[in-house]
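Asker: Here it is, the structure, as C-alpha cells.
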Amino acid sequence: MSTTELEARLAHMPSPKRSATSALLAALVDLLEEGSITVDQIRETTDRLTEQREEVRQRLLEVQNDVLGLARWQRIAAGCLPPNQLPKRSRERYRQLRQQHRLIGVRIPGTSGFWYPAWQFDDDLQPLRQLPQLADIQDEARLSAVELHELMTNPDAGGGIEPAELLRAGDIETLRQILLAQADQAA
Amino acid sequence: MSHALVERLPDPPPSKPPDAPDLLGVRLDRHVRIHAEPDLLAKPAKSPGQYRFDAPSGEYPVTYTAASFEACVAEKFQDRRVIEYRHLTQSVSLVSSHRDLRLVPLHDSVALALFGLDARIWTTVDYPTSRQWSLHLHTWYPAADGIYYRPRHAHEQLACCLFLDRCRAELEVHPDGELGTDRDRLLTATVPRSIHVELSPTGAA
C-alpha cells in the first residue's frame with residue numbers, strides 16, 4: 001500500500017480509531033528507524049493477529065449456532081402439548097398410536113420419552129383423523145418428525161399460512177405438494 | 001389441488017403472448033447445487049413433477065442451480081429451520097456451461113409483466129400452476145435451455161431451472177465436497193438466517 005493510499009484510508013476512519021492507528025504507525029516507524037524491529041517481524045505479528053481474529057470469528061459462529069440450537073429445541077417443546085395435558089393413555093397405547101401413524105412424537109435432547117406436537121390434536125385433544133395420510137407424506141418427503149413439526153408450524157413454508165392449518169382444513173393435497181417440494185432447493 | 005387457503009397464481013394463457021420477452025444469454029459459471037442423488041445431470045424427470053418448475057407430468061427432466069452456496073442452503077433448509085446431521089453428507093456441485101444458455105428471463109420484473117406475472121412465480125406454493133408455467137415456457141420457446149428466476153428465500157440472488165433435455169451436453173459439473181465438509185462455509189450461510197446446523201448426531205426422532 002502506498003503512503004497516499006494509507007493516508008486516504010486513515011482519513012476515512014472514525015476519529016478515535018484514526019488517532020489510535022496514527023499513534024501505532026508513528027511508534028512502528030520509530031522502532032523501524034531505531035532498528036529494534038524489522039518489517040518481517042511486523043508482518044509476522046499482523047499475520048498472527050489476522051489468524052487469531054479468524055479463529056475468533058469461526059468460534060463465534062459455532063457459539064451462535066449452539067444458541068440457535070437451544071432456541072430451536074425450546075421452540076419445539078413449546079409447540080408440543082405439556083405432558084400433564086396429554087390425554088390419559090398408557091405408554092404402550094401411545095407406542096401403538098405412533099406405530100400405526102395415528103400420532104407423531106418427537107424426541108427432544110435432554111428429556112425422556114416422546115413429546116407430541118399440539119397441532120395434531122383437535123379441540124377435544126383427540127389425534128386428527130388425517131394423521132395417517134400426513135405420515136405417508138412424511139415418509140415420501142423423507143422428513144424426520146422434528147423437521148415435519150418445524151415445517152407444519154412455519155407460515156413461510158405454507159406461503160403465509162401454517163401448513164398445520166391445511167391439515168386441520170383437510171386440504172391434504174395442497175399440504176402434500178408443499179411438503180414434497182421441501183426435499184430440494186427449488187421449493 | 002384445493003385452493004381454499006393458498007393463494008393461486010394466474011394460469012398461463014393458451015398461447016405465447018405476442019410481446020413475450022426474448023431469451024437471455026447466460027453463461028453459467030460455478031453455479032451451485034446441493035443434492036442427495038449421485039449424478040445430477042443423469043436424473044430422470046419426476047412424474048408427476050415435485051418442485052417449482054418441474055415438468056407437470058415428467059415431460060422433460062430439469063435440475064436447479066443457484067448463483068451461490070448461501071442461496072442453495074436457504075432454498076433447501078430455510079423453511080425447516082435446521083440442517084439435521086444426516087444431511088451433512090449431501091453433495092455440493094459446481095455447474096458451469098460451455099456456452100451461453102438461453103434462459104427465459106423470469107427474474108426480471110418487466111419480463112414478468114409481459115407474461116402477466118409478478119414475483120409470486122418465485123414464491124408461490126401453488127406448485128401445480130408454477131409447473132404449468134414451466135411446461136408452457138418449454139413449449140413456447142423451443143430454443144430455451146431453462147428459466148432464470150429468483151429463489152424464494154434468497155431473492156436478491158439468481159437461480160436457474162435447467163431443461164436437461166436441451167442443455168445437458170452443454171453442462172460441466174465439478175464436485176465441491178459435501179455440505180458439512182467446510183464448516184465455516186456452512187455456518188457463514190446458516191447463522192445469519194437462523195438455521196441451526198446439527199454438527200453432531202442428536203437423539204432427535
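Residues in the C-alpha cells are numbered from 1 in each chain, the chains being A, B, ... in the order shown, and ligands are numbered from 1 in the order shown.
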Using only C-alpha atoms, I'd like a table of the residues in chain B that come within 7 Å of chain A; for each, show the closest atom pair and its distance in Å rounded to one decimal, ordered by chain and ascending number, as CSV.
Answerer:
residue,atom,partner,partner_atom,distance
B:Met1,CA,A:Thr174,CA,5.7
B:Ser2,CA,A:Thr174,CA,6.5
B:Val6,CA,A:Gly159,CA,6.9
B:Gln50,CA,A:Ala181,CA,5.6
B:Tyr51,CA,A:Ala181,CA,4.9
B:Arg52,CA,A:Ala186,CA,5.7
B:Tyr64,CA,A:Ala186,CA,6.6
B:Cys72,CA,A:Gln185,CA,6.0
B:Glu75,CA,A:Gln185,CA,4.8
B:Lys76,CA,A:Gln185,CA,4.3
B:Asp79,CA,A:Ala157,CA,5.4
B:Arg80,CA,A:Leu151,CA,5.2
B:Arg81,CA,A:Glu150,CA,7.0
B:Thr124,CA,A:Gly159,CA,6.2
B:Val125,CA,A:Gly159,CA,5.7
B:Tyr127,CA,A:Gln177,CA,6.9
B:Asp184,CA,A:Gln58,CA,6.5
B:Leu187,CA,A:Leu61,CA,6.3
B:Val191,CA,A:Asn65,CA,6.1
B:Ser194,CA,A:Leu68,CA,6.5
B:His196,CA,A:Leu68,CA,5.5
B:Val197,CA,A:Asn65,CA,6.7
B:Thr202,CA,A:Pro109,CA,6.7
B:Gly203,CA,A:Pro109,CA,5.6
B:Ala204,CA,A:Arg107,CA,4.9
B:Ala205,CA,A:Arg107,CA,5.2
Asker: Can I get the selection written as a tab-separated table (two decimals), in the first residue's frame, with C-alpha atoms?
Answerer:
chain	number	residue	atom	x	y	z
B	1	MET	CA	-55.39	-29.13	-5.63
B	2	SER	CA	-57.82	-27.22	-3.50
B	6	VAL	CA	-53.35	-21.00	-0.59
B	50	GLN	CA	-42.43	-32.29	-7.44
B	51	TYR	CA	-40.65	-28.92	-7.44
B	52	ARG	CA	-41.36	-25.37	-8.63
B	64	TYR	CA	-31.91	-26.45	-10.35
B	72	CYS	CA	-28.81	-23.09	-2.15
B	75	GLU	CA	-33.75	-22.65	-0.52
B	76	LYS	CA	-33.23	-26.09	0.85
B	79	ASP	CA	-38.30	-23.42	5.94
B	80	ARG	CA	-37.33	-26.35	8.16
B	81	ARG	CA	-35.00	-24.06	10.18
B	124	THR	CA	-45.94	-19.29	-4.57
B	125	VAL	CA	-46.66	-22.66	-3.04
B	127	TYR	CA	-46.78	-25.56	-7.37
B	184	ASP	CA	-17.05	-22.30	8.19
B	187	LEU	CA	-22.17	-21.71	9.31
B	191	VAL	CA	-26.21	-18.50	11.19
B	194	SER	CA	-31.18	-18.53	12.00
B	196	HIS	CA	-29.43	-24.38	13.15
B	197	VAL	CA	-26.88	-26.94	11.97
B	202	THR	CA	-28.67	-35.97	18.46
B	203	GLY	CA	-31.42	-38.07	19.92
B	204	ALA	CA	-33.96	-36.33	17.72
B	205	ALA	CA	-36.63	-38.56	16.22
Asker: Do you know which residues are at most 9 Å from Leu171 in chain B counting only C-alpha atoms, after dropping those on the same chain fewer than 4 positions away, and could you put them as a PDB file with C-alpha atoms, in the first residue's frame?
Answerer:
ATOM      1  CA  LEU B  28     -23.207 -20.405 -16.067  1.00  0.00           C
ATOM      2  CA  LEU B  41     -27.374 -34.488 -14.813  1.00  0.00           C
ATOM      3  CA  VAL B  95     -22.223 -26.283 -12.545  1.00  0.00           C
ATOM      4  CA  SER B  96     -20.784 -24.360 -15.494  1.00  0.00           C
ATOM      5  CA  SER B  97     -21.876 -24.185 -19.116  1.00  0.00           C
ATOM      6  CA  HIS B  98     -19.733 -24.478 -22.241  1.00  0.00           C
ATOM      7  CA  ARG B  99     -21.776 -21.787 -23.979  1.00  0.00           C
ATOM      8  CA  CYS B 167     -28.720 -28.355 -22.382  1.00  0.00           C
TER       9      CYS B 167
END
Asker: Counting only C-alpha atoms, what is within 9 Å of range 86-88 of chain A, bar same-chain residues fewer than 6 positions away, as a compact mmCIF listing (two decimals) with C-alpha atoms, in the first residue's frame?
Answerer:
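Result saved to out_0.txt:
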# COMPACT_ATOMS: atom_id res chain seq x y z
CA TYR A 116 -46.37 -34.61 20.97
CA LEU A 125 -57.35 -33.41 22.37
CA GLN A 126 -58.03 -36.34 20.07
Asker: Taking the chain letters and numbering used in this document, name the residues of range 102-187 of chain A that DSSP puts in helix (DSSP H, G or I), as a PyMOL selection string.
Answerer: chain A and resi 118-120+131-141+145-152+155-158+163-169+172-181
Asker: Those same residues - N, CA and C atoms - I'd like them written as a compact mmCIF listing (two decimals), in the first residue's frame.
Answerer:
# COMPACT_ATOMS: atom_id res chain seq x y z
N ALA A 118 -48.66 -30.07 19.30
CA ALA A 118 -50.05 -29.74 19.63
C ALA A 118 -50.95 -29.69 18.39
N TRP A 119 -50.35 -29.35 17.22
CA TRP A 119 -51.18 -29.15 16.03
C TRP A 119 -51.86 -30.43 15.55
N GLN A 120 -51.46 -31.58 16.08
CA GLN A 120 -52.04 -32.83 15.57
C GLN A 120 -53.28 -33.27 16.37
N LEU A 131 -54.03 -37.86 10.28
CA LEU A 131 -52.62 -38.08 10.58
C LEU A 131 -51.98 -39.24 9.80
N PRO A 132 -52.69 -40.36 9.56
CA PRO A 132 -52.04 -41.42 8.76
C PRO A 132 -51.66 -40.92 7.37
N GLN A 133 -52.49 -40.06 6.78
CA GLN A 133 -52.14 -39.52 5.45
C GLN A 133 -50.90 -38.63 5.56
N LEU A 134 -50.84 -37.84 6.64
CA LEU A 134 -49.67 -36.98 6.83
C LEU A 134 -48.40 -37.83 7.01
N ALA A 135 -48.53 -38.91 7.74
CA ALA A 135 -47.36 -39.77 7.97
C ALA A 135 -46.86 -40.37 6.65
N ASP A 136 -47.81 -40.69 5.75
CA ASP A 136 -47.39 -41.20 4.43
C ASP A 136 -46.60 -40.13 3.67
N ILE A 137 -47.08 -38.88 3.75
CA ILE A 137 -46.37 -37.78 3.06
C ILE A 137 -44.99 -37.58 3.69
N GLN A 138 -44.96 -37.67 5.01
CA GLN A 138 -43.67 -37.52 5.71
C GLN A 138 -42.66 -38.54 5.20
N ASP A 139 -43.12 -39.79 5.04
CA ASP A 139 -42.22 -40.83 4.52
C ASP A 139 -41.78 -40.51 3.11
N GLU A 140 -42.73 -40.09 2.28
CA GLU A 140 -42.43 -39.81 0.88
C GLU A 140 -41.43 -38.65 0.75
N ALA A 141 -41.59 -37.64 1.61
CA ALA A 141 -40.70 -36.47 1.57
C ALA A 141 -39.42 -36.70 2.37
N ALA A 145 -39.42 -36.52 12.07
CA ALA A 145 -40.57 -35.99 12.81
C ALA A 145 -40.32 -34.54 13.23
N VAL A 146 -39.07 -34.24 13.58
CA VAL A 146 -38.76 -32.88 14.02
C VAL A 146 -38.82 -31.91 12.83
N GLU A 147 -38.29 -32.32 11.70
CA GLU A 147 -38.39 -31.46 10.51
C GLU A 147 -39.86 -31.23 10.15
N LEU A 148 -40.65 -32.29 10.23
CA LEU A 148 -42.08 -32.16 9.92
C LEU A 148 -42.73 -31.14 10.86
N HIS A 149 -42.42 -31.24 12.12
CA HIS A 149 -43.01 -30.31 13.10
C HIS A 149 -42.61 -28.87 12.77
N GLU A 150 -41.33 -28.67 12.43
CA GLU A 150 -40.87 -27.31 12.09
C GLU A 150 -41.64 -26.77 10.89
N LEU A 151 -41.80 -27.61 9.87
CA LEU A 151 -42.49 -27.16 8.66
C LEU A 151 -43.97 -26.91 8.92
N MET A 152 -44.59 -27.78 9.70
CA MET A 152 -46.04 -27.64 9.94
C MET A 152 -46.37 -26.37 10.69
N PRO A 155 -45.22 -20.55 8.90
CA PRO A 155 -46.07 -19.95 7.86
C PRO A 155 -45.32 -19.70 6.56
N ASP A 156 -44.01 -19.48 6.64
CA ASP A 156 -43.24 -19.26 5.41
C ASP A 156 -43.29 -20.48 4.50
N ALA A 157 -43.34 -21.65 5.12
CA ALA A 157 -43.37 -22.88 4.31
C ALA A 157 -44.71 -23.03 3.59
N GLY A 158 -45.75 -22.39 4.12
CA GLY A 158 -47.08 -22.55 3.53
C GLY A 158 -47.55 -21.32 2.76
N PRO A 163 -48.73 -24.73 7.51
CA PRO A 163 -49.23 -25.95 6.88
C PRO A 163 -50.16 -26.76 7.81
N ALA A 164 -49.99 -26.60 9.12
CA ALA A 164 -50.89 -27.31 10.05
C ALA A 164 -52.35 -26.89 9.83
N GLU A 165 -52.56 -25.65 9.35
CA GLU A 165 -53.93 -25.21 9.07
C GLU A 165 -54.52 -26.00 7.91
N LEU A 166 -53.66 -26.31 6.94
CA LEU A 166 -54.13 -27.12 5.80
C LEU A 166 -54.54 -28.50 6.27
N LEU A 167 -53.77 -29.04 7.23
CA LEU A 167 -54.10 -30.36 7.78
C LEU A 167 -55.46 -30.30 8.47
N ARG A 168 -55.64 -29.28 9.30
CA ARG A 168 -56.91 -29.17 10.02
C ARG A 168 -58.08 -28.97 9.06
N ALA A 169 -57.80 -28.22 7.94
CA ALA A 169 -58.87 -27.97 6.97
C ALA A 169 -59.11 -29.17 6.07
N ILE A 172 -55.38 -32.01 2.15
CA ILE A 172 -54.20 -32.87 2.18
C ILE A 172 -53.38 -32.75 0.90
N GLU A 173 -54.06 -32.53 -0.24
CA GLU A 173 -53.32 -32.47 -1.50
C GLU A 173 -52.40 -31.25 -1.52
N THR A 174 -52.89 -30.09 -1.08
CA THR A 174 -52.03 -28.90 -1.03
C THR A 174 -50.89 -29.12 -0.05
N LEU A 175 -51.22 -29.70 1.08
CA LEU A 175 -50.19 -29.98 2.08
C LEU A 175 -49.13 -30.91 1.51
N ARG A 176 -49.56 -31.89 0.76
CA ARG A 176 -48.62 -32.85 0.15
C ARG A 176 -47.69 -32.12 -0.82
N GLN A 177 -48.26 -31.27 -1.65
CA GLN A 177 -47.44 -30.52 -2.63
C GLN A 177 -46.37 -29.70 -1.89
N ILE A 178 -46.78 -29.06 -0.81
CA ILE A 178 -45.86 -28.18 -0.08
C ILE A 178 -44.74 -28.99 0.58
N LEU A 179 -45.09 -30.09 1.21
CA LEU A 179 -44.07 -30.86 1.93
C LEU A 179 -43.13 -31.60 0.98
N LEU A 180 -43.66 -32.09 -0.13
CA LEU A 180 -42.78 -32.78 -1.08
C LEU A 180 -41.80 -31.81 -1.71
N ALA A 181 -42.23 -30.58 -1.95
CA ALA A 181 -41.35 -29.60 -2.60
C ALA A 181 -40.18 -29.24 -1.69
Asker: Could you find all residues in range 18-57 of chain B that DSSP calls strand (DSSP E) from the backbone, and write them as a list of chain:residue names?
Answerer: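 Answer for range 18-57 of chain B, restricted to strand (DSSP E): B:Leu24, B:Gly25, B:Val26, B:His31, B:Val32, B:Arg33, B:Ile34, B:His35.
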Asker: Any chance you can output those residues with N, CA and C atoms as an mmCIF file, in the first residue's frame?
Answerer:
data_model
loop_
_atom_site.group_PDB
_atom_site.id
_atom_site.type_symbol
_atom_site.label_atom_id
_atom_site.label_comp_id
_atom_site.auth_asym_id
_atom_site.auth_seq_id
_atom_site.Cartn_x
_atom_site.Cartn_y
_atom_site.Cartn_z
ATOM 1 N N LEU B 24 -32.669 -14.811 -22.774
ATOM 2 C CA LEU B 24 -31.473 -14.107 -22.288
ATOM 3 C C LEU B 24 -30.282 -15.065 -22.336
ATOM 4 N N GLY B 25 -29.156 -14.608 -22.864
ATOM 5 C CA GLY B 25 -27.962 -15.447 -22.888
ATOM 6 C C GLY B 25 -27.220 -15.353 -21.567
ATOM 7 N N VAL B 26 -27.024 -16.485 -20.921
ATOM 8 C CA VAL B 26 -26.341 -16.504 -19.619
ATOM 9 C C VAL B 26 -25.308 -17.631 -19.617
ATOM 10 N N HIS B 31 -22.214 -22.173 -10.907
ATOM 11 C CA HIS B 31 -23.477 -22.171 -10.170
ATOM 12 C C HIS B 31 -23.458 -23.363 -9.213
ATOM 13 N N VAL B 32 -24.250 -23.277 -8.177
ATOM 14 C CA VAL B 32 -24.137 -24.269 -7.103
ATOM 15 C C VAL B 32 -25.406 -25.119 -7.010
ATOM 16 N N ARG B 33 -25.191 -26.374 -6.704
ATOM 17 C CA ARG B 33 -26.321 -27.247 -6.409
ATOM 18 C C ARG B 33 -25.953 -28.158 -5.240
ATOM 19 N N ILE B 34 -26.879 -28.296 -4.320
ATOM 20 C CA ILE B 34 -26.723 -29.243 -3.206
ATOM 21 C C ILE B 34 -27.689 -30.390 -3.488
ATOM 22 N N HIS B 35 -27.164 -31.614 -3.476
ATOM 23 C CA HIS B 35 -28.031 -32.709 -3.927
ATOM 24 C C HIS B 35 -27.676 -34.015 -3.225
#
Asker: For the atom pair CA of Trp115 in chain A and CA of Ala77 in chain A, what is the interatomic distance in Å to one decimal place?
Answerer: 7.4 Å
